[in-house]
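Data block for input_8.pdb (PDB, N, CA and C atoms):
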```pdb
ATOM      1  N   MET A 238       1.982   7.242  -0.209
ATOM      2  CA  MET A 238       0.892   7.104  -1.146
ATOM      3  C   MET A 238       1.425   7.035  -2.573
ATOM      4  N   ALA A 239       2.391   7.882  -2.877
ATOM      5  CA  ALA A 239       2.943   7.905  -4.233
ATOM      6  C   ALA A 239       3.580   6.563  -4.575
ATOM      7  N   GLU A 240       4.221   5.938  -3.588
ATOM      8  CA  GLU A 240       4.849   4.637  -3.829
ATOM      9  C   GLU A 240       3.796   3.590  -4.189
ATOM     10  N   LEU A 241       2.666   3.581  -3.483
ATOM     11  CA  LEU A 241       1.595   2.640  -3.789
ATOM     12  C   LEU A 241       1.004   2.894  -5.172
ATOM     13  N   GLU A 242       0.867   4.156  -5.535
ATOM     14  CA  GLU A 242       0.338   4.491  -6.859
ATOM     15  C   GLU A 242       1.267   3.988  -7.955
ATOM     16  N   LYS A 243       2.574   4.097  -7.730
ATOM     17  CA  LYS A 243       3.560   3.653  -8.723
ATOM     18  C   LYS A 243       3.584   2.135  -8.864
ATOM     19  N   LEU A 244       3.242   1.411  -7.811
ATOM     20  CA  LEU A 244       3.302  -0.049  -7.849
ATOM     21  C   LEU A 244       2.206  -0.679  -8.697
ATOM     22  N   GLY A 245       1.181   0.070  -9.020
ATOM     23  CA  GLY A 245       0.181  -0.406  -9.959
ATOM     24  C   GLY A 245      -0.957  -1.205  -9.349
ATOM     25  N   SER A 246      -1.655  -1.948 -10.220
ATOM     26  CA  SER A 246      -2.900  -2.616  -9.843
ATOM     27  C   SER A 246      -2.701  -3.728  -8.811
ATOM     28  N   LYS A 247      -1.520  -4.292  -8.721
ATOM     29  CA  LYS A 247      -1.264  -5.347  -7.740
ATOM     30  C   LYS A 247      -1.487  -4.839  -6.313
ATOM     31  N   TYR A 248      -1.259  -3.564  -6.099
ATOM     32  CA  TYR A 248      -1.392  -2.971  -4.766
ATOM     33  C   TYR A 248      -2.618  -2.058  -4.666
ATOM     34  N   ARG A 249      -3.613  -2.303  -5.504
ATOM     35  CA  ARG A 249      -4.828  -1.482  -5.524
ATOM     36  C   ARG A 249      -5.552  -1.514  -4.177
ATOM     37  N   LEU A 250      -5.660  -2.700  -3.550
ATOM     38  CA  LEU A 250      -6.333  -2.802  -2.257
ATOM     39  C   LEU A 250      -5.578  -2.024  -1.179
ATOM     40  N   ALA A 251      -4.263  -2.129  -1.185
ATOM     41  CA  ALA A 251      -3.456  -1.379  -0.203
ATOM     42  C   ALA A 251      -3.660   0.121  -0.380
ATOM     43  N   LEU A 252      -3.718   0.581  -1.627
ATOM     44  CA  LEU A 252      -3.938   2.002  -1.891
ATOM     45  C   LEU A 252      -5.333   2.421  -1.437
ATOM     46  N   LYS A 253      -6.318   1.567  -1.662
ATOM     47  CA  LYS A 253      -7.694   1.873  -1.230
ATOM     48  C   LYS A 253      -7.754   2.022   0.288
ATOM     49  N   ILE A 254      -7.080   1.127   1.013
ATOM     50  CA  ILE A 254      -7.059   1.210   2.475
ATOM     51  C   ILE A 254      -6.307   2.457   2.924
ATOM     52  N   ALA A 255      -5.199   2.767   2.264
ATOM     53  CA  ALA A 255      -4.408   3.946   2.632
ATOM     54  C   ALA A 255      -5.189   5.237   2.436
ATOM     55  N   ARG A 256      -6.069   5.250   1.462
ATOM     56  CA  ARG A 256      -6.878   6.453   1.198
ATOM     57  C   ARG A 256      -8.145   6.515   2.038
ATOM     58  N   ASP A 257      -8.478   5.452   2.731
ATOM     59  CA  ASP A 257      -9.699   5.395   3.530
ATOM     60  C   ASP A 257      -9.661   6.488   4.605
ATOM     61  N   PRO A 258     -10.676   7.337   4.651
ATOM     62  CA  PRO A 258     -10.662   8.447   5.623
ATOM     63  C   PRO A 258     -10.779   7.995   7.077
ATOM     64  N   ARG A 259     -11.105   6.736   7.316
ATOM     65  CA  ARG A 259     -11.188   6.251   8.700
ATOM     66  C   ARG A 259      -9.808   6.072   9.324
ATOM     67  N   PHE A 260      -8.770   6.011   8.477
ATOM     68  CA  PHE A 260      -7.403   5.876   8.968
ATOM     69  C   PHE A 260      -6.700   7.217   8.856
ATOM     70  N   GLU A 261      -6.005   7.588   9.910
ATOM     71  CA  GLU A 261      -5.278   8.855   9.909
ATOM     72  C   GLU A 261      -3.858   8.629   9.406
ATOM     73  N   ARG A 262      -3.446   9.443   8.471
ATOM     74  CA  ARG A 262      -2.081   9.405   7.959
ATOM     75  C   ARG A 262      -1.340  10.591   8.555
ATOM     76  N   LEU A 263      -0.187  10.323   9.125
ATOM     77  CA  LEU A 263       0.576  11.373   9.782
ATOM     78  C   LEU A 263       1.660  11.899   8.847
ATOM     79  N   PRO A 264       1.772  13.211   8.741
ATOM     80  CA  PRO A 264       2.821  13.772   7.880
ATOM     81  C   PRO A 264       4.190  13.647   8.547
ATOM     82  N   CYS A 265       5.207  13.590   7.720
ATOM     83  CA  CYS A 265       6.575  13.518   8.216
ATOM     84  C   CYS A 265       7.271  14.825   7.867
ATOM     85  N   SER A 266       7.902  15.426   8.843
ATOM     86  CA  SER A 266       8.581  16.696   8.602
ATOM     87  C   SER A 266      10.072  16.517   8.348
ATOM     88  N   HIS A 267      10.557  15.271   8.405
ATOM     89  CA  HIS A 267      11.972  15.010   8.159
ATOM     90  C   HIS A 267      12.278  15.145   6.674
ATOM     91  N   LYS A 268      13.337  15.821   6.356
ATOM     92  CA  LYS A 268      13.762  15.951   4.960
ATOM     93  C   LYS A 268      14.866  14.940   4.694
ATOM     94  N   GLY A 269      14.701  14.130   3.654
ATOM     95  CA  GLY A 269      15.732  13.191   3.253
ATOM     96  C   GLY A 269      15.843  11.944   4.113
ATOM     97  N   THR A 270      14.912  11.731   5.049
ATOM     98  CA  THR A 270      14.955  10.543   5.895
ATOM     99  C   THR A 270      14.221   9.408   5.194
ATOM    100  N   TYR A 271      14.811   8.229   5.237
ATOM    101  CA  TYR A 271      14.178   7.045   4.677
ATOM    102  C   TYR A 271      12.846   6.820   5.397
ATOM    103  N   ALA A 272      11.786   6.559   4.669
ATOM    104  CA  ALA A 272      10.440   6.460   5.238
ATOM    105  C   ALA A 272      10.355   5.395   6.331
ATOM    106  N   ASP A 273      10.982   4.225   6.115
ATOM    107  CA  ASP A 273      10.932   3.162   7.120
ATOM    108  C   ASP A 273      11.562   3.603   8.438
ATOM    109  N   ASP A 274      12.681   4.334   8.358
ATOM    110  CA  ASP A 274      13.343   4.827   9.573
ATOM    111  C   ASP A 274      12.441   5.797  10.321
ATOM    112  N   CYS A 275      11.739   6.646   9.596
ATOM    113  CA  CYS A 275      10.829   7.611  10.210
ATOM    114  C   CYS A 275       9.672   6.889  10.907
ATOM    115  N   ILE A 276       9.108   5.872  10.245
ATOM    116  CA  ILE A 276       8.001   5.115  10.829
ATOM    117  C   ILE A 276       8.452   4.419  12.107
ATOM    118  N   VAL A 277       9.600   3.759  12.063
ATOM    119  CA  VAL A 277      10.106   3.041  13.239
ATOM    120  C   VAL A 277      10.381   4.014  14.382
ATOM    121  N   ALA A 278      10.977   5.152  14.084
ATOM    122  CA  ALA A 278      11.268   6.146  15.130
ATOM    123  C   ALA A 278       9.988   6.659  15.780
ATOM    124  N   ARG A 279       8.966   6.935  14.978
ATOM    125  CA  ARG A 279       7.702   7.448  15.521
ATOM    126  C   ARG A 279       7.017   6.390  16.379
ATOM    127  N   VAL A 280       7.030   5.153  15.930
ATOM    128  CA  VAL A 280       6.382   4.068  16.674
ATOM    129  C   VAL A 280       7.114   3.789  17.983
ATOM    130  N   MET A 281       8.434   3.921  17.976
ATOM    131  CA  MET A 281       9.189   3.701  19.210
ATOM    132  C   MET A 281       8.908   4.800  20.230
ATOM    133  N   GLN A 282       8.661   6.019  19.763
ATOM    134  CA  GLN A 282       8.343   7.124  20.677
ATOM    135  C   GLN A 282       6.970   6.945  21.303
ATOM    136  N   HIS A 283       5.986   6.619  20.476
ATOM    137  CA  HIS A 283       4.592   6.509  20.912
ATOM    138  C   HIS A 283       4.056   5.178  20.416
ATOM    139  N   LYS A 284       3.922   4.218  21.287
ATOM    140  CA  LYS A 284       3.508   2.870  20.889
ATOM    141  C   LYS A 284       1.986   2.740  20.807
ATOM    142  N   CYS A 285       1.337   3.767  20.293
ATOM    143  CA  CYS A 285      -0.116   3.745  20.187
ATOM    144  C   CYS A 285      -0.569   3.669  18.727
ATOM    145  N   PHE A 286       0.320   3.286  17.836
ATOM    146  CA  PHE A 286       0.017   3.244  16.414
ATOM    147  C   PHE A 286      -0.201   1.829  15.917
ATOM    148  N   LEU A 287      -0.967   1.715  14.852
ATOM    149  CA  LEU A 287      -1.077   0.499  14.071
ATOM    150  C   LEU A 287      -0.336   0.801  12.779
ATOM    151  N   VAL A 288       0.610  -0.030  12.391
ATOM    152  CA  VAL A 288       1.402   0.215  11.186
ATOM    153  C   VAL A 288       0.885  -0.681  10.076
ATOM    154  N   ALA A 289       0.489  -0.081   8.958
ATOM    155  CA  ALA A 289       0.013  -0.829   7.797
ATOM    156  C   ALA A 289       1.130  -0.856   6.758
ATOM    157  N   THR A 290       1.611  -2.069   6.441
ATOM    158  CA  THR A 290       2.687  -2.196   5.466
ATOM    159  C   THR A 290       2.702  -3.591   4.849
ATOM    160  N   CYS A 291       3.123  -3.659   3.604
ATOM    161  CA  CYS A 291       3.348  -4.944   2.925
ATOM    162  C   CYS A 291       4.844  -5.226   2.836
ATOM    163  N   ASP A 292       5.659  -4.301   3.283
ATOM    164  CA  ASP A 292       7.112  -4.403   3.220
ATOM    165  C   ASP A 292       7.600  -5.369   4.305
ATOM    166  N   ARG A 293       8.175  -6.501   3.895
ATOM    167  CA  ARG A 293       8.590  -7.531   4.854
ATOM    168  C   ARG A 293       9.698  -7.042   5.784
ATOM    169  N   ASP A 294      10.616  -6.250   5.274
ATOM    170  CA  ASP A 294      11.694  -5.736   6.126
ATOM    171  C   ASP A 294      11.141  -4.808   7.202
ATOM    172  N   LEU A 295      10.207  -3.947   6.832
ATOM    173  CA  LEU A 295       9.592  -3.049   7.816
ATOM    174  C   LEU A 295       8.776  -3.857   8.823
ATOM    175  N   GLN A 296       8.079  -4.889   8.371
ATOM    176  CA  GLN A 296       7.323  -5.739   9.296
ATOM    177  C   GLN A 296       8.252  -6.363  10.336
ATOM    178  N   ARG A 297       9.411  -6.852   9.902
ATOM    179  CA  ARG A 297      10.377  -7.438  10.846
ATOM    180  C   ARG A 297      10.843  -6.408  11.870
ATOM    181  N   ARG A 298      11.104  -5.195  11.419
ATOM    182  CA  ARG A 298      11.559  -4.146  12.339
ATOM    183  C   ARG A 298      10.464  -3.775  13.341
ATOM    184  N   ILE A 299       9.220  -3.703  12.873
ATOM    185  CA  ILE A 299       8.105  -3.334  13.751
ATOM    186  C   ILE A 299       7.817  -4.449  14.757
ATOM    187  N   ARG A 300       7.955  -5.704  14.349
ATOM    188  CA  ARG A 300       7.709  -6.834  15.263
ATOM    189  C   ARG A 300       8.642  -6.814  16.461
ATOM    190  N   ARG A 301       9.795  -6.214  16.339
ATOM    191  CA  ARG A 301      10.748  -6.125  17.459
ATOM    192  C   ARG A 301      10.290  -5.127  18.516
ATOM    193  N   ILE A 302       9.300  -4.301  18.179
ATOM    194  CA  ILE A 302       8.790  -3.299  19.121
ATOM    195  C   ILE A 302       7.531  -3.865  19.763
ATOM    196  N   PRO A 303       7.558  -4.185  21.061
ATOM    197  CA  PRO A 303       6.391  -4.788  21.711
ATOM    198  C   PRO A 303       5.180  -3.854  21.713
ATOM    199  N   GLY A 304       4.006  -4.438  21.491
ATOM    200  CA  GLY A 304       2.768  -3.700  21.612
ATOM    201  C   GLY A 304       2.335  -2.936  20.381
ATOM    202  N   VAL A 305       2.980  -3.149  19.238
ATOM    203  CA  VAL A 305       2.620  -2.423  18.021
ATOM    204  C   VAL A 305       2.067  -3.412  16.993
ATOM    205  N   PRO A 306       0.755  -3.341  16.701
ATOM    206  CA  PRO A 306       0.173  -4.252  15.719
ATOM    207  C   PRO A 306       0.533  -3.845  14.282
ATOM    208  N   ILE A 307       0.529  -4.843  13.396
ATOM    209  CA  ILE A 307       0.845  -4.610  11.988
ATOM    210  C   ILE A 307      -0.351  -5.035  11.149
ATOM    211  N   MET A 308      -0.777  -4.154  10.252
ATOM    212  CA  MET A 308      -1.835  -4.476   9.307
ATOM    213  C   MET A 308      -1.170  -4.724   7.965
ATOM    214  N   ARG A 309      -1.536  -5.839   7.305
ATOM    215  CA  ARG A 309      -0.937  -6.160   6.013
ATOM    216  C   ARG A 309      -1.948  -6.865   5.138
ATOM    217  N   ILE A 310      -1.692  -6.827   3.842
ATOM    218  CA  ILE A 310      -2.521  -7.541   2.882
ATOM    219  C   ILE A 310      -2.005  -8.977   2.842
ATOM    220  N   SER A 311      -2.903  -9.944   2.982
ATOM    221  CA  SER A 311      -2.499 -11.346   2.940
ATOM    222  C   SER A 311      -2.097 -11.727   1.521
ATOM    223  N   PRO A 312      -0.961 -12.400   1.370
ATOM    224  CA  PRO A 312      -0.513 -12.795   0.033
ATOM    225  C   PRO A 312      -1.525 -13.714  -0.645
ATOM    226  N   GLY A 313      -1.768 -13.460  -1.913
ATOM    227  CA  GLY A 313      -2.659 -14.306  -2.693
ATOM    228  C   GLY A 313      -4.140 -14.093  -2.436
ATOM    229  N   SER A 314      -4.484 -13.113  -1.614
ATOM    230  CA  SER A 314      -5.904 -12.848  -1.364
ATOM    231  C   SER A 314      -6.141 -11.346  -1.437
ATOM    232  N   ARG A 315      -7.369 -10.980  -1.345
ATOM    233  CA  ARG A 315      -7.705  -9.561  -1.374
ATOM    234  C   ARG A 315      -8.178  -9.107   0.006
ATOM    235  N   LYS A 316      -7.691  -9.776   1.039
ATOM    236  CA  LYS A 316      -8.092  -9.462   2.407
ATOM    237  C   LYS A 316      -6.902  -8.930   3.179
ATOM    238  N   TYR A 317      -7.203  -8.114   4.176
ATOM    239  CA  TYR A 317      -6.128  -7.640   5.035
ATOM    240  C   TYR A 317      -6.247  -8.311   6.390
ATOM    241  N   THR A 318      -5.111  -8.428   7.048
ATOM    242  CA  THR A 318      -5.075  -9.011   8.387
ATOM    243  C   THR A 318      -4.340  -8.055   9.317
ATOM    244  N   ILE A 319      -4.686  -8.138  10.571
ATOM    245  CA  ILE A 319      -3.998  -7.360  11.593
ATOM    246  C   ILE A 319      -3.386  -8.356  12.567
ATOM    247  N   GLU A 320      -2.070  -8.325  12.652
ATOM    248  CA  GLU A 320      -1.388  -9.226  13.585
ATOM    249  C   GLU A 320      -1.749  -8.825  14.997
ATOM    250  N   ARG A 321      -1.981  -9.820  15.818
ATOM    251  CA  ARG A 321      -2.382  -9.522  17.196
ATOM    252  C   ARG A 321      -1.227  -8.933  17.985
ATOM    253  N   LEU A 322      -1.583  -8.246  19.037
ATOM    254  CA  LEU A 322      -0.570  -7.685  19.926
ATOM    255  C   LEU A 322       0.116  -8.793  20.685
ATOM    256  N   PRO A 323       1.389  -8.662  20.960
ATOM    257  CA  PRO A 323       2.070  -9.659  21.797
ATOM    258  C   PRO A 323       1.438  -9.695  23.188
ATOM    259  N   ASP A 324       1.532 -10.830  23.851
ATOM    260  CA  ASP A 324       0.930 -10.990  25.169
ATOM    261  C   ASP A 324       1.808 -10.390  26.259
ATOM    262  N   ILE A 325       2.165  -9.110  26.122
ATOM    263  CA  ILE A 325       3.018  -8.492  27.137
ATOM    264  C   ILE A 325       2.252  -8.225  28.421
ATOM    265  N   GLY A 326       0.938  -7.991  28.320
ATOM    266  CA  GLY A 326       0.130  -7.737  29.505
ATOM    267  C   GLY A 326       0.015  -8.956  30.400
ATOM    268  N   VAL A 327      -0.004 -10.150  29.796
ATOM    269  CA  VAL A 327      -0.110 -11.390  30.568
ATOM    270  C   VAL A 327       1.135 -11.599  31.403
ATOM    271  N   SER A 328       2.296 -11.369  30.828
ATOM    272  CA  SER A 328       3.526 -11.585  31.595
ATOM    273  C   SER A 328       3.683 -10.557  32.709
ATOM    274  N   ILE A 329       3.205  -9.356  32.507
ATOM    275  CA  ILE A 329       3.267  -8.335  33.553
ATOM    276  C   ILE A 329       2.319  -8.693  34.682
ATOM    277  N   ALA A 330       1.102  -9.118  34.334
ATOM    278  CA  ALA A 330       0.095  -9.448  35.356
ATOM    279  C   ALA A 330       0.524 -10.668  36.165
ATOM    280  N   SER A 331       1.134 -11.659  35.505
ATOM    281  CA  SER A 331       1.506 -12.866  36.233
ATOM    282  C   SER A 331       2.731 -12.662  37.135
ATOM    283  N   SER A 332       3.524 -11.620  36.859
ATOM    284  CA  SER A 332       4.715 -11.370  37.680
ATOM    285  C   SER A 332       4.399 -10.587  38.944
ATOM    286  N   LYS A 333       3.189 -10.072  39.050
ATOM    287  CA  LYS A 333       2.818  -9.284  40.244
ATOM    288  C   LYS A 333       2.315 -10.147  41.358
TER     289      LYS A 333
END
```
Here is the file; what I need is its structure written in the form of structure tokens.
Amino acid sequence: MAELEKLGSKYRLALKIARDPRFERLPCSHKGTYADDCIVARVMQHKCFLVATCDRDLQRRIRRIPGVPIMRISPGSRKYTIERLPDIGVSIASSK
């Protein structure tokens, strides 16, 4: 949250979404761990999360984990998008 506040008005929509009480923010108990590493580790343990980020490097890392959707602000607009889940269920169903 502090990072979004520091980034200023350009990221106002992202900050508004991050503060929305409908989304749960999970605390991190790791001391000195890079935030992206903590997010990736948590998502790899439990693939039941939606990750909201505008960070392109973090998006690339999350895309490598099947079944984890990414929410991001679309460039040049004031709308957010949620990338669809990969079709992993289709390949499992067709192999049976």
Exercise. For the file shown, report as a PyMOL selection string the outcome of the PyMOL selection byres (((chain A and resi 239-253 and name CA) around 9) and name CA) at residue level.
Key: chain A and resi 238+254-257+289-291+309-310+315-317
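Counting from atom C of Cys285 of chain A, the distance to atom N of Ser314 of chain A is 26.7 Å.
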Practice problem: Could you tell me how far atom CA of Pro312 of chain A lies from atom N of Gln282 of chain A, in Å and to one decimal? | Solution: 28.8 Å
Quiz prompt | Between atom CA of Asp273 of chain A and atom CA of Ser311 of chain A, distance in Å (one decimal) | solution =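 Distance between the two atoms: 20.2 Å.
Evaluated against this file, the PyMOL selection byres ((chain A and resi 319) around 6) yields Ile307, Met308, Arg309, Tyr317, Thr318, Glu320 and Arg321 of chain A.
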Set up a box along x, y and z of the file covering all listed atoms of segment 281-285 of chain A, add 8 Å on every one of the six sides, and write the centre and edge lengths in Å to one decimal, as lines of an AutoDock Vina configuration file.
```
center_x = 4.3
center_y = 4.9
center_z = 19.6
size_x = 25.8
size_y = 20.4
size_z = 19.3
```
Exercise. Per DSSP on the backbone, filter chain A down to the residues in strand (DSSP E or B) and report them as a list in words.
Key: Val288, Ala289, Ile307, Met308, Arg309, Ile310, Tyr317, Thr318 and Ile319 of chain A
Self-check item: Residue contacts of Ile276 of chain A (10 Å, only C-alpha atoms) excluding same-chain residues fewer than 5 positions away, as a list of chain:residue names
Solution: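 So, after excluding close chain neighbours, the residues are A:Leu263, A:Cys265, A:Tyr271, A:Met281, A:Phe286, A:Val288, A:Leu295, A:Ile299.
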Quiz item: Just asking: which residues within chain A are helix (DSSP H, G or I) according to DSSP, as a ChimeraX atom specification?
Solution: /A:239-244,246-256,272-282,293-300,325-332
Quiz item: Which one is closest to His267 of chain A: A:Lys284, A:Arg279, A:Arg293, A:Arg298? Count only C-alpha atoms.
Solution: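 Counting only C-alpha atoms, the residue closest to His267 of chain A is A:Arg279.
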